[in-house]
>>> print(open('entry_22.txt').read())   # compact mmCIF, N, CA and C atoms
# COMPACT_ATOMS: atom_id res chain seq x y z
N GLN A 1 95.96 118.89 101.70
CA GLN A 1 96.80 117.70 101.86
C GLN A 1 96.88 117.37 103.35
N VAL A 2 96.70 116.10 103.68
CA VAL A 2 96.77 115.64 105.06
C VAL A 2 98.04 114.83 105.26
N GLN A 3 98.69 115.05 106.38
CA GLN A 3 99.83 114.23 106.76
C GLN A 3 99.56 113.62 108.12
N PHE A 4 99.97 112.36 108.27
CA PHE A 4 99.77 111.63 109.51
C PHE A 4 101.13 111.27 110.12
N VAL A 5 101.26 111.46 111.43
CA VAL A 5 102.48 111.11 112.14
C VAL A 5 102.12 110.21 113.31
N GLU A 6 102.57 108.96 113.24
CA GLU A 6 102.26 107.96 114.25
C GLU A 6 103.34 107.92 115.33
N SER A 7 102.93 107.56 116.55
CA SER A 7 103.87 107.41 117.66
C SER A 7 103.29 106.45 118.69
N GLY A 8 104.14 106.05 119.63
CA GLY A 8 103.67 105.24 120.75
C GLY A 8 104.02 103.77 120.68
N GLY A 9 104.66 103.36 119.61
CA GLY A 9 105.05 101.95 119.51
C GLY A 9 106.19 101.60 120.44
N GLY A 10 106.53 100.32 120.47
CA GLY A 10 107.62 99.88 121.30
C GLY A 10 107.62 98.38 121.46
N LEU A 11 108.44 97.92 122.39
CA LEU A 11 108.54 96.49 122.70
C LEU A 11 107.71 96.21 123.94
N VAL A 12 106.85 95.22 123.87
CA VAL A 12 105.98 94.88 124.99
C VAL A 12 105.88 93.36 125.08
N GLN A 13 105.70 92.86 126.29
CA GLN A 13 105.55 91.42 126.50
C GLN A 13 104.15 90.97 126.12
N PRO A 14 104.00 89.72 125.75
CA PRO A 14 102.65 89.19 125.49
C PRO A 14 101.73 89.45 126.68
N GLY A 15 100.52 89.86 126.38
CA GLY A 15 99.57 90.22 127.41
C GLY A 15 99.62 91.67 127.83
N GLY A 16 100.61 92.40 127.36
CA GLY A 16 100.76 93.80 127.72
C GLY A 16 99.90 94.73 126.89
N SER A 17 100.08 96.01 127.13
CA SER A 17 99.27 97.04 126.47
C SER A 17 100.15 98.15 125.92
N LEU A 18 99.66 98.78 124.88
CA LEU A 18 100.27 99.98 124.31
C LEU A 18 99.16 100.89 123.82
N ARG A 19 99.45 102.18 123.79
CA ARG A 19 98.52 103.14 123.21
C ARG A 19 99.24 103.90 122.11
N LEU A 20 98.77 103.74 120.91
CA LEU A 20 99.32 104.44 119.77
C LEU A 20 98.57 105.75 119.54
N SER A 21 99.31 106.74 119.06
CA SER A 21 98.72 108.03 118.71
C SER A 21 99.07 108.37 117.27
N CYS A 22 98.19 109.11 116.65
CA CYS A 22 98.45 109.55 115.28
C CYS A 22 97.92 110.97 115.15
N LYS A 23 98.83 111.89 114.95
CA LYS A 23 98.44 113.29 114.80
C LYS A 23 98.41 113.65 113.33
N ALA A 24 97.35 114.33 112.94
CA ALA A 24 97.16 114.70 111.54
C ALA A 24 97.24 116.20 111.37
N SER A 25 97.80 116.61 110.25
CA SER A 25 97.78 118.01 109.89
C SER A 25 96.49 118.29 109.12
N GLY A 26 96.18 119.54 108.93
CA GLY A 26 95.00 119.86 108.14
C GLY A 26 93.84 120.30 109.00
N SER A 27 93.04 121.18 108.48
CA SER A 27 91.99 121.81 109.27
C SER A 27 90.65 121.10 109.15
N ILE A 28 90.56 120.05 108.34
CA ILE A 28 89.27 119.39 108.17
C ILE A 28 89.33 117.95 108.65
N PHE A 29 90.16 117.72 109.65
CA PHE A 29 90.34 116.39 110.22
C PHE A 29 89.01 115.78 110.63
N SER A 30 88.12 116.57 111.20
CA SER A 30 86.92 116.05 111.82
C SER A 30 85.95 115.41 110.82
N ILE A 31 86.08 115.70 109.54
CA ILE A 31 85.12 115.17 108.59
C ILE A 31 85.55 113.81 108.02
N TYR A 32 86.78 113.40 108.35
CA TYR A 32 87.28 112.16 107.79
C TYR A 32 86.90 110.95 108.63
N ASP A 33 86.60 109.83 107.98
CA ASP A 33 86.68 108.55 108.65
C ASP A 33 88.17 108.19 108.67
N LEU A 34 88.61 107.62 109.78
CA LEU A 34 90.03 107.34 109.97
C LEU A 34 90.23 105.86 110.28
N GLY A 35 91.39 105.37 109.92
CA GLY A 35 91.67 103.96 110.16
C GLY A 35 93.08 103.73 110.65
N TRP A 36 93.24 102.64 111.38
CA TRP A 36 94.56 102.11 111.71
C TRP A 36 94.78 100.85 110.86
N TYR A 37 96.00 100.72 110.40
CA TYR A 37 96.39 99.60 109.56
C TYR A 37 97.72 99.09 110.09
N ARG A 38 98.10 97.86 109.69
CA ARG A 38 99.39 97.35 110.12
C ARG A 38 99.98 96.46 109.05
N GLN A 39 101.30 96.37 109.09
CA GLN A 39 102.02 95.51 108.15
C GLN A 39 103.08 94.74 108.90
N ALA A 40 102.89 93.44 108.94
CA ALA A 40 103.86 92.55 109.57
C ALA A 40 104.93 92.17 108.55
N PRO A 41 106.09 91.75 109.03
CA PRO A 41 107.16 91.36 108.11
C PRO A 41 106.71 90.29 107.13
N GLY A 42 106.96 90.52 105.84
CA GLY A 42 106.62 89.54 104.83
C GLY A 42 105.15 89.46 104.48
N LYS A 43 104.34 90.35 105.04
CA LYS A 43 102.89 90.30 104.79
C LYS A 43 102.41 91.62 104.21
N GLN A 44 101.22 91.58 103.63
CA GLN A 44 100.61 92.80 103.10
C GLN A 44 100.04 93.63 104.24
N ARG A 45 99.94 94.92 103.98
CA ARG A 45 99.31 95.81 104.94
C ARG A 45 97.84 95.42 105.09
N GLU A 46 97.36 95.44 106.34
CA GLU A 46 95.98 95.03 106.59
C GLU A 46 95.26 96.03 107.47
N PHE A 47 93.96 96.02 107.34
CA PHE A 47 93.08 96.88 108.14
C PHE A 47 93.04 96.38 109.58
N VAL A 48 93.04 97.32 110.52
CA VAL A 48 92.94 96.99 111.94
C VAL A 48 91.65 97.54 112.55
N ALA A 49 91.42 98.85 112.36
CA ALA A 49 90.26 99.48 113.00
C ALA A 49 89.89 100.75 112.26
N ARG A 50 88.62 101.14 112.41
CA ARG A 50 88.11 102.33 111.75
C ARG A 50 87.23 103.10 112.71
N ILE A 51 87.28 104.43 112.63
CA ILE A 51 86.34 105.27 113.36
C ILE A 51 85.79 106.30 112.41
N SER A 52 84.48 106.45 112.41
CA SER A 52 83.85 107.38 111.49
C SER A 52 83.84 108.80 112.05
N ASP A 53 83.34 109.71 111.23
CA ASP A 53 83.24 111.10 111.68
C ASP A 53 82.21 111.25 112.78
N VAL A 54 81.33 110.27 112.93
CA VAL A 54 80.35 110.31 114.02
C VAL A 54 80.65 109.26 115.07
N TYR A 55 81.90 108.83 115.10
CA TYR A 55 82.45 107.99 116.17
C TYR A 55 81.98 106.54 116.17
N SER A 56 81.36 106.07 115.09
CA SER A 56 81.10 104.64 115.02
C SER A 56 82.41 103.92 114.69
N THR A 57 82.53 102.69 115.16
CA THR A 57 83.80 101.97 115.02
C THR A 57 83.60 100.58 114.42
N ASN A 58 84.66 100.11 113.77
CA ASN A 58 84.72 98.74 113.23
C ASN A 58 86.12 98.20 113.47
N TYR A 59 86.22 96.88 113.64
CA TYR A 59 87.50 96.27 113.92
C TYR A 59 87.69 95.01 113.09
N ALA A 60 88.94 94.71 112.81
CA ALA A 60 89.27 93.41 112.23
C ALA A 60 88.96 92.34 113.27
N ASP A 61 88.53 91.18 112.80
CA ASP A 61 88.19 90.10 113.74
C ASP A 61 89.36 89.75 114.65
N SER A 62 90.56 89.88 114.14
CA SER A 62 91.74 89.46 114.90
C SER A 62 92.02 90.35 116.11
N VAL A 63 91.45 91.55 116.14
CA VAL A 63 91.72 92.48 117.25
C VAL A 63 90.46 92.83 118.04
N LYS A 64 89.32 92.37 117.58
CA LYS A 64 88.05 92.72 118.23
C LYS A 64 88.06 92.28 119.69
N GLY A 65 87.67 93.20 120.55
CA GLY A 65 87.64 92.91 121.98
C GLY A 65 88.95 93.21 122.69
N ARG A 66 90.01 93.46 121.93
CA ARG A 66 91.31 93.76 122.54
C ARG A 66 91.78 95.18 122.22
N PHE A 67 91.43 95.68 121.05
CA PHE A 67 91.86 97.02 120.62
C PHE A 67 90.67 97.97 120.63
N THR A 68 90.95 99.24 120.91
CA THR A 68 89.94 100.28 120.88
C THR A 68 90.46 101.50 120.15
N ILE A 69 89.73 101.92 119.14
CA ILE A 69 90.09 103.13 118.40
C ILE A 69 89.27 104.30 118.94
N SER A 70 89.89 105.45 119.02
CA SER A 70 89.19 106.66 119.45
C SER A 70 89.81 107.86 118.74
N ARG A 71 89.15 108.99 118.87
CA ARG A 71 89.65 110.21 118.21
C ARG A 71 89.35 111.41 119.07
N ASP A 72 90.21 112.42 118.92
CA ASP A 72 90.02 113.70 119.59
C ASP A 72 90.16 114.76 118.50
N ASN A 73 89.03 115.23 118.00
CA ASN A 73 89.07 116.17 116.88
C ASN A 73 89.71 117.50 117.26
N ALA A 74 89.60 117.89 118.51
CA ALA A 74 90.21 119.14 118.94
C ALA A 74 91.73 119.08 118.86
N LYS A 75 92.27 117.86 118.95
CA LYS A 75 93.73 117.67 118.88
C LYS A 75 94.17 117.08 117.55
N ASN A 76 93.23 116.91 116.63
CA ASN A 76 93.57 116.28 115.34
C ASN A 76 94.31 114.96 115.52
N THR A 77 93.85 114.17 116.47
CA THR A 77 94.57 112.95 116.83
C THR A 77 93.62 111.77 116.90
N VAL A 78 94.10 110.64 116.40
CA VAL A 78 93.38 109.38 116.53
C VAL A 78 94.28 108.42 117.33
N TYR A 79 93.64 107.61 118.16
CA TYR A 79 94.36 106.73 119.07
C TYR A 79 94.00 105.27 118.80
N LEU A 80 94.90 104.39 119.21
CA LEU A 80 94.61 102.96 119.20
C LEU A 80 95.11 102.38 120.51
N GLN A 81 94.17 102.03 121.39
CA GLN A 81 94.51 101.38 122.64
C GLN A 81 94.56 99.88 122.38
N MET A 82 95.70 99.27 122.65
CA MET A 82 95.89 97.85 122.36
C MET A 82 96.15 97.11 123.66
N ASN A 83 95.27 96.20 124.01
CA ASN A 83 95.39 95.40 125.22
C ASN A 83 95.55 93.93 124.86
N SER A 84 96.00 93.14 125.82
CA SER A 84 96.16 91.70 125.62
C SER A 84 96.94 91.39 124.34
N LEU A 85 98.04 92.08 124.19
CA LEU A 85 98.81 91.95 122.95
C LEU A 85 99.40 90.56 122.80
N LYS A 86 99.46 90.14 121.54
CA LYS A 86 99.98 88.82 121.18
C LYS A 86 101.18 88.97 120.24
N PRO A 87 102.03 87.96 120.16
CA PRO A 87 103.15 88.06 119.20
C PRO A 87 102.67 88.32 117.77
N ASP A 88 101.49 87.81 117.41
CA ASP A 88 100.96 88.05 116.06
C ASP A 88 100.60 89.50 115.81
N ASP A 89 100.56 90.31 116.84
CA ASP A 89 100.27 91.74 116.67
C ASP A 89 101.53 92.53 116.28
N THR A 90 102.68 91.87 116.27
CA THR A 90 103.92 92.52 115.88
C THR A 90 103.83 93.01 114.44
N ALA A 91 104.04 94.31 114.25
CA ALA A 91 103.91 94.93 112.94
C ALA A 91 104.28 96.40 113.04
N VAL A 92 104.38 97.03 111.89
CA VAL A 92 104.42 98.49 111.83
C VAL A 92 102.98 98.96 111.68
N TYR A 93 102.58 99.86 112.55
CA TYR A 93 101.21 100.36 112.57
C TYR A 93 101.14 101.75 111.95
N TYR A 94 100.15 101.93 111.10
CA TYR A 94 99.95 103.18 110.38
C TYR A 94 98.53 103.68 110.58
N CYS A 95 98.36 104.99 110.52
CA CYS A 95 97.01 105.53 110.43
C CYS A 95 96.85 106.19 109.06
N ASN A 96 95.62 106.37 108.67
CA ASN A 96 95.31 106.94 107.35
C ASN A 96 93.82 107.24 107.35
N LYS A 97 93.36 107.81 106.29
CA LYS A 97 91.94 107.93 106.11
C LYS A 97 91.36 106.52 105.95
N TYR A 98 90.00 106.46 106.02
CA TYR A 98 89.32 105.21 105.71
C TYR A 98 88.23 105.54 104.69
N PRO A 99 88.27 104.94 103.52
CA PRO A 99 89.31 104.08 102.99
C PRO A 99 90.64 104.83 102.89
N TYR A 100 91.74 104.12 102.88
CA TYR A 100 93.03 104.79 102.91
C TYR A 100 93.31 105.50 101.59
N GLY A 101 94.12 106.53 101.72
CA GLY A 101 94.62 107.24 100.55
C GLY A 101 96.08 106.90 100.36
N PRO A 102 96.46 106.35 99.23
CA PRO A 102 97.86 105.91 99.05
C PRO A 102 98.88 107.02 99.27
N ALA A 103 98.49 108.26 99.05
CA ALA A 103 99.43 109.37 99.20
C ALA A 103 99.63 109.78 100.64
N TYR A 104 98.86 109.21 101.57
CA TYR A 104 98.85 109.71 102.95
C TYR A 104 99.56 108.81 103.94
N TRP A 105 100.22 107.76 103.47
CA TRP A 105 100.93 106.90 104.42
C TRP A 105 102.07 107.66 105.07
N GLY A 106 102.18 107.53 106.40
CA GLY A 106 103.29 108.10 107.13
C GLY A 106 104.37 107.06 107.35
N GLN A 107 105.24 107.33 108.32
CA GLN A 107 106.35 106.42 108.61
C GLN A 107 105.90 105.21 109.41
N GLY A 108 104.80 105.34 110.11
CA GLY A 108 104.33 104.25 110.95
C GLY A 108 105.09 104.19 112.26
N THR A 109 104.62 103.32 113.14
CA THR A 109 105.28 103.11 114.42
C THR A 109 105.38 101.60 114.67
N GLN A 110 106.56 101.15 115.06
CA GLN A 110 106.82 99.71 115.22
C GLN A 110 106.29 99.21 116.56
N VAL A 111 105.53 98.14 116.50
CA VAL A 111 105.07 97.44 117.70
C VAL A 111 105.64 96.03 117.65
N THR A 112 106.37 95.68 118.70
CA THR A 112 106.94 94.34 118.80
C THR A 112 106.46 93.70 120.09
N VAL A 113 105.81 92.54 119.95
CA VAL A 113 105.31 91.80 121.10
C VAL A 113 106.14 90.54 121.25
N ALA A 114 106.95 90.52 122.29
CA ALA A 114 107.86 89.39 122.48
C ALA A 114 108.27 89.33 123.94
N SER A 115 108.61 88.12 124.36
CA SER A 115 109.10 87.96 125.73
C SER A 115 110.62 87.90 125.73
>>> encode(input="entry_22.txt", output="structure tokens")
Amino acid sequence: QVQFVESGGGLVQPGGSLRLSCKASGSIFSIYDLGWYRQAPGKQREFVARISDVYSTNYADSVKGRFTISRDNAKNTVYLQMNSLKPDDTAVYYCNKYPYGPAYWGQGTQVTVAS
């Protein structure tokens, strides 16, 4: 069983940056493809970024060129570097496997982009 714990969210002004972290339990972290997802108020949860076990990456069009996903298998941690943040990026951000496993959602971390 894998558990994910997200951190690093907060309030940031438009154009600012944040780095989210997600630490996973379990000894086979390195074999998973991992993803970041987000859910804005009143909207469905959506895909943000993915990193494979061999470090290939994919991004939602809405964040391409602004967000970067990375992983450190030695620390069982996946990161999301978010630059040039926009108010539309306001959401609760979650990490999970990719494709996600419904049983593995954590609490998420709130990101609010506002002036």
>>> residues_around(input="entry_22.txt", residues="stretch 89-105 of chain A", least_positions_apart="6", cutoff="6.5 Å", atoms="only N, CA and C atoms", output="list of chain:residue names")
A:Val2, A:Gln3, A:Phe4, A:Glu6, A:Cys22, A:Tyr32, A:Asp33, A:Leu34, A:Gly35, A:Trp36, A:Tyr37, A:Arg38, A:Gln39, A:Ala40, A:Pro41, A:Val111, A:Thr112, A:Val113
>>> atom_distance(input="entry_22.txt", atom1="atom CA of A:Asn73", atom2="atom CA of A:Leu18")
21.0 Å
>>> atom_distance(input="entry_22.txt", atom1="atom N of A:Arg45", atom2="atom C of A:Asp88")
13.0 Å
>>> select_by_dssp(input="entry_22.txt", residues="stretch 43-78 of chain A", states="strand (DSSP E or B)", output="PDB file with N, CA and C atoms, in the coordinates of the input")
ATOM      1  N   GLU A  46      97.360  95.440 106.340  1.00  0.00           N
ATOM      2  CA  GLU A  46      95.980  95.030 106.590  1.00  0.00           C
ATOM      3  C   GLU A  46      95.260  96.030 107.470  1.00  0.00           C
ATOM      4  N   PHE A  47      93.960  96.020 107.340  1.00  0.00           N
ATOM      5  CA  PHE A  47      93.080  96.880 108.140  1.00  0.00           C
ATOM      6  C   PHE A  47      93.040  96.380 109.580  1.00  0.00           C
ATOM      7  N   VAL A  48      93.040  97.320 110.520  1.00  0.00           N
ATOM      8  CA  VAL A  48      92.940  96.990 111.940  1.00  0.00           C
ATOM      9  C   VAL A  48      91.650  97.540 112.550  1.00  0.00           C
ATOM     10  N   ALA A  49      91.420  98.850 112.360  1.00  0.00           N
ATOM     11  CA  ALA A  49      90.260  99.480 113.000  1.00  0.00           C
ATOM     12  C   ALA A  49      89.890 100.750 112.260  1.00  0.00           C
ATOM     13  N   ARG A  50      88.620 101.140 112.410  1.00  0.00           N
ATOM     14  CA  ARG A  50      88.110 102.330 111.750  1.00  0.00           C
ATOM     15  C   ARG A  50      87.230 103.100 112.710  1.00  0.00           C
ATOM     16  N   ILE A  51      87.280 104.430 112.630  1.00  0.00           N
ATOM     17  CA  ILE A  51      86.340 105.270 113.360  1.00  0.00           C
ATOM     18  C   ILE A  51      85.790 106.300 112.410  1.00  0.00           C
ATOM     19  N   THR A  57      82.530 102.690 115.160  1.00  0.00           N
ATOM     20  CA  THR A  57      83.800 101.970 115.020  1.00  0.00           C
ATOM     21  C   THR A  57      83.600 100.580 114.420  1.00  0.00           C
ATOM     22  N   ASN A  58      84.660 100.110 113.770  1.00  0.00           N
ATOM     23  CA  ASN A  58      84.720  98.740 113.230  1.00  0.00           C
ATOM     24  C   ASN A  58      86.120  98.200 113.470  1.00  0.00           C
ATOM     25  N   TYR A  59      86.220  96.880 113.640  1.00  0.00           N
ATOM     26  CA  TYR A  59      87.500  96.270 113.920  1.00  0.00           C
ATOM     27  C   TYR A  59      87.690  95.010 113.090  1.00  0.00           C
ATOM     28  N   PHE A  67      91.430  95.680 121.050  1.00  0.00           N
ATOM     29  CA  PHE A  67      91.860  97.020 120.620  1.00  0.00           C
ATOM     30  C   PHE A  67      90.670  97.970 120.630  1.00  0.00           C
ATOM     31  N   THR A  68      90.950  99.240 120.910  1.00  0.00           N
ATOM     32  CA  THR A  68      89.940 100.280 120.880  1.00  0.00           C
ATOM     33  C   THR A  68      90.460 101.500 120.150  1.00  0.00           C
ATOM     34  N   ILE A  69      89.730 101.920 119.140  1.00  0.00           N
ATOM     35  CA  ILE A  69      90.090 103.130 118.400  1.00  0.00           C
ATOM     36  C   ILE A  69      89.270 104.300 118.940  1.00  0.00           C
ATOM     37  N   SER A  70      89.890 105.450 119.020  1.00  0.00           N
ATOM     38  CA  SER A  70      89.190 106.660 119.450  1.00  0.00           C
ATOM     39  C   SER A  70      89.810 107.860 118.740  1.00  0.00           C
ATOM     40  N   ARG A  71      89.150 108.990 118.870  1.00  0.00           N
ATOM     41  CA  ARG A  71      89.650 110.210 118.210  1.00  0.00           C
ATOM     42  C   ARG A  71      89.350 111.410 119.070  1.00  0.00           C
ATOM     43  N   ASP A  72      90.210 112.420 118.920  1.00  0.00           N
ATOM     44  CA  ASP A  72      90.020 113.700 119.590  1.00  0.00           C
ATOM     45  C   ASP A  72      90.160 114.760 118.500  1.00  0.00           C
ATOM     46  N   THR A  77      93.850 114.170 116.470  1.00  0.00           N
ATOM     47  CA  THR A  77      94.570 112.950 116.830  1.00  0.00           C
ATOM     48  C   THR A  77      93.620 111.770 116.900  1.00  0.00           C
ATOM     49  N   VAL A  78      94.100 110.640 116.400  1.00  0.00           N
ATOM     50  CA  VAL A  78      93.380 109.380 116.530  1.00  0.00           C
ATOM     51  C   VAL A  78      94.280 108.420 117.330  1.00  0.00           C
TER      52      VAL A  78
END
>>> select_by_dssp(input="entry_22.txt", residues="stretch 34-106 of chain A", states="helix (DSSP H, G or I)", output="PDB file with N, CA and C atoms, keeping the file's coordinate frame")
ATOM      1  N   ASN A  73      89.030 115.230 118.000  1.00  0.00           N
ATOM      2  CA  ASN A  73      89.070 116.170 116.880  1.00  0.00           C
ATOM      3  C   ASN A  73      89.710 117.500 117.260  1.00  0.00           C
ATOM      4  N   ALA A  74      89.600 117.890 118.510  1.00  0.00           N
ATOM      5  CA  ALA A  74      90.210 119.140 118.940  1.00  0.00           C
ATOM      6  C   ALA A  74      91.730 119.080 118.860  1.00  0.00           C
ATOM      7  N   LYS A  75      92.270 117.860 118.950  1.00  0.00           N
ATOM      8  CA  LYS A  75      93.730 117.670 118.880  1.00  0.00           C
ATOM      9  C   LYS A  75      94.170 117.080 117.550  1.00  0.00           C
ATOM     10  N   PRO A  87     102.030  87.960 120.160  1.00  0.00           N
ATOM     11  CA  PRO A  87     103.150  88.060 119.200  1.00  0.00           C
ATOM     12  C   PRO A  87     102.670  88.320 117.770  1.00  0.00           C
ATOM     13  N   ASP A  88     101.490  87.810 117.410  1.00  0.00           N
ATOM     14  CA  ASP A  88     100.960  88.050 116.060  1.00  0.00           C
ATOM     15  C   ASP A  88     100.600  89.500 115.810  1.00  0.00           C
ATOM     16  N   ASP A  89     100.560  90.310 116.840  1.00  0.00           N
ATOM     17  CA  ASP A  89     100.270  91.740 116.670  1.00  0.00           C
ATOM     18  C   ASP A  89     101.530  92.530 116.280  1.00  0.00           C
ATOM     19  N   PRO A 102      96.460 106.350  99.230  1.00  0.00           N
ATOM     20  CA  PRO A 102      97.860 105.910  99.050  1.00  0.00           C
ATOM     21  C   PRO A 102      98.880 107.020  99.270  1.00  0.00           C
ATOM     22  N   ALA A 103      98.490 108.260  99.050  1.00  0.00           N
ATOM     23  CA  ALA A 103      99.430 109.370  99.200  1.00  0.00           C
ATOM     24  C   ALA A 103      99.630 109.780 100.640  1.00  0.00           C
ATOM     25  N   TYR A 104      98.860 109.210 101.570  1.00  0.00           N
ATOM     26  CA  TYR A 104      98.850 109.710 102.950  1.00  0.00           C
ATOM     27  C   TYR A 104      99.560 108.810 103.940  1.00  0.00           C
TER      28      TYR A 104
END
>>> closest_residue(input="entry_22.txt", among="A:Ser70, A:Thr109, A:Gln81, A:Ser115", to="A:Leu20", atoms="all atoms listed in the file")
A:Gln81
>>> atom_distance(input="entry_22.txt", atom1="atom N of A:Phe47", atom2="atom CA of A:Ala74")
26.1 Å
>>> closest_residue(input="entry_22.txt", among="A:Asn83, A:Ser52, A:Gln107, A:Ser17", to="A:Lys64", atoms="only C-alpha atoms")
A:Asn83
>>> residues_around(input="entry_22.txt", residues="A:Arg71", least_positions_apart="5", cutoff="10 Å", atoms="only C-alpha atoms", output="PyMOL selection string")
chain A and resi 21-23+30+34+51-53+55+76-80
>>> residues_around(input="entry_22.txt", residues="A:Asp61", least_positions_apart="4", cutoff="12 Å", atoms="only C-alpha atoms", output="tab-separated table (two decimals) with N, CA and C atoms, in the coordinates of the input")
chain	number	residue	atom	x	y	z
A	46	GLU	N	97.36	95.44	106.34
A	46	GLU	CA	95.98	95.03	106.59
A	46	GLU	C	95.26	96.03	107.47
A	47	PHE	N	93.96	96.02	107.34
A	47	PHE	CA	93.08	96.88	108.14
A	47	PHE	C	93.04	96.38	109.58
A	48	VAL	N	93.04	97.32	110.52
A	48	VAL	CA	92.94	96.99	111.94
A	48	VAL	C	91.65	97.54	112.55
A	49	ALA	N	91.42	98.85	112.36
A	49	ALA	CA	90.26	99.48	113.00
A	49	ALA	C	89.89	100.75	112.26
A	65	GLY	N	87.67	93.20	120.55
A	65	GLY	CA	87.64	92.91	121.98
A	65	GLY	C	88.95	93.21	122.69
A	66	ARG	N	90.01	93.46	121.93
A	66	ARG	CA	91.31	93.76	122.54
A	66	ARG	C	91.78	95.18	122.22
A	67	PHE	N	91.43	95.68	121.05
A	67	PHE	CA	91.86	97.02	120.62
A	67	PHE	C	90.67	97.97	120.63
>>> build_atoms(input="entry_22.txt", residues="stretch 22-33 of chain A", atoms="N, CA, C and O atoms", output="short mmCIF file (atom, residue, chain, number, x, y, z; two decimals), in the frame of the given file")
data_model
loop_
_atom_site.label_atom_id
_atom_site.label_comp_id
_atom_site.auth_asym_id
_atom_site.auth_seq_id
_atom_site.Cartn_x
_atom_site.Cartn_y
_atom_site.Cartn_z
N CYS A 22 98.19 109.11 116.65
CA CYS A 22 98.45 109.55 115.28
C CYS A 22 97.92 110.97 115.15
O CYS A 22 96.71 111.20 115.26
N LYS A 23 98.83 111.89 114.95
CA LYS A 23 98.44 113.29 114.80
C LYS A 23 98.41 113.65 113.33
O LYS A 23 99.33 113.32 112.57
N ALA A 24 97.35 114.33 112.94
CA ALA A 24 97.16 114.70 111.54
C ALA A 24 97.24 116.20 111.37
O ALA A 24 96.82 116.96 112.24
N SER A 25 97.80 116.61 110.25
CA SER A 25 97.78 118.01 109.89
C SER A 25 96.49 118.29 109.12
O SER A 25 95.78 117.38 108.72
N GLY A 26 96.18 119.54 108.93
CA GLY A 26 95.00 119.86 108.14
C GLY A 26 93.84 120.30 109.00
O GLY A 26 93.67 119.84 110.13
N SER A 27 93.04 121.18 108.48
CA SER A 27 91.99 121.81 109.27
C SER A 27 90.65 121.10 109.15
O SER A 27 89.70 121.52 109.79
N ILE A 28 90.56 120.05 108.34
CA ILE A 28 89.27 119.39 108.17
C ILE A 28 89.33 117.95 108.65
O ILE A 28 88.64 117.08 108.15
N PHE A 29 90.16 117.72 109.65
CA PHE A 29 90.34 116.39 110.22
C PHE A 29 89.01 115.78 110.63
O PHE A 29 88.77 114.59 110.43
N SER A 30 88.12 116.57 111.20
CA SER A 30 86.92 116.05 111.82
C SER A 30 85.95 115.41 110.82
O SER A 30 85.09 114.64 111.21
N ILE A 31 86.08 115.70 109.54
CA ILE A 31 85.12 115.17 108.59
C ILE A 31 85.55 113.81 108.02
O ILE A 31 84.77 113.17 107.33
N TYR A 32 86.78 113.40 108.35
CA TYR A 32 87.28 112.16 107.79
C TYR A 32 86.90 110.95 108.63
O TYR A 32 86.94 111.02 109.86
N ASP A 33 86.60 109.83 107.98
CA ASP A 33 86.68 108.55 108.65
C ASP A 33 88.17 108.19 108.67
O ASP A 33 88.90 108.43 107.70
#
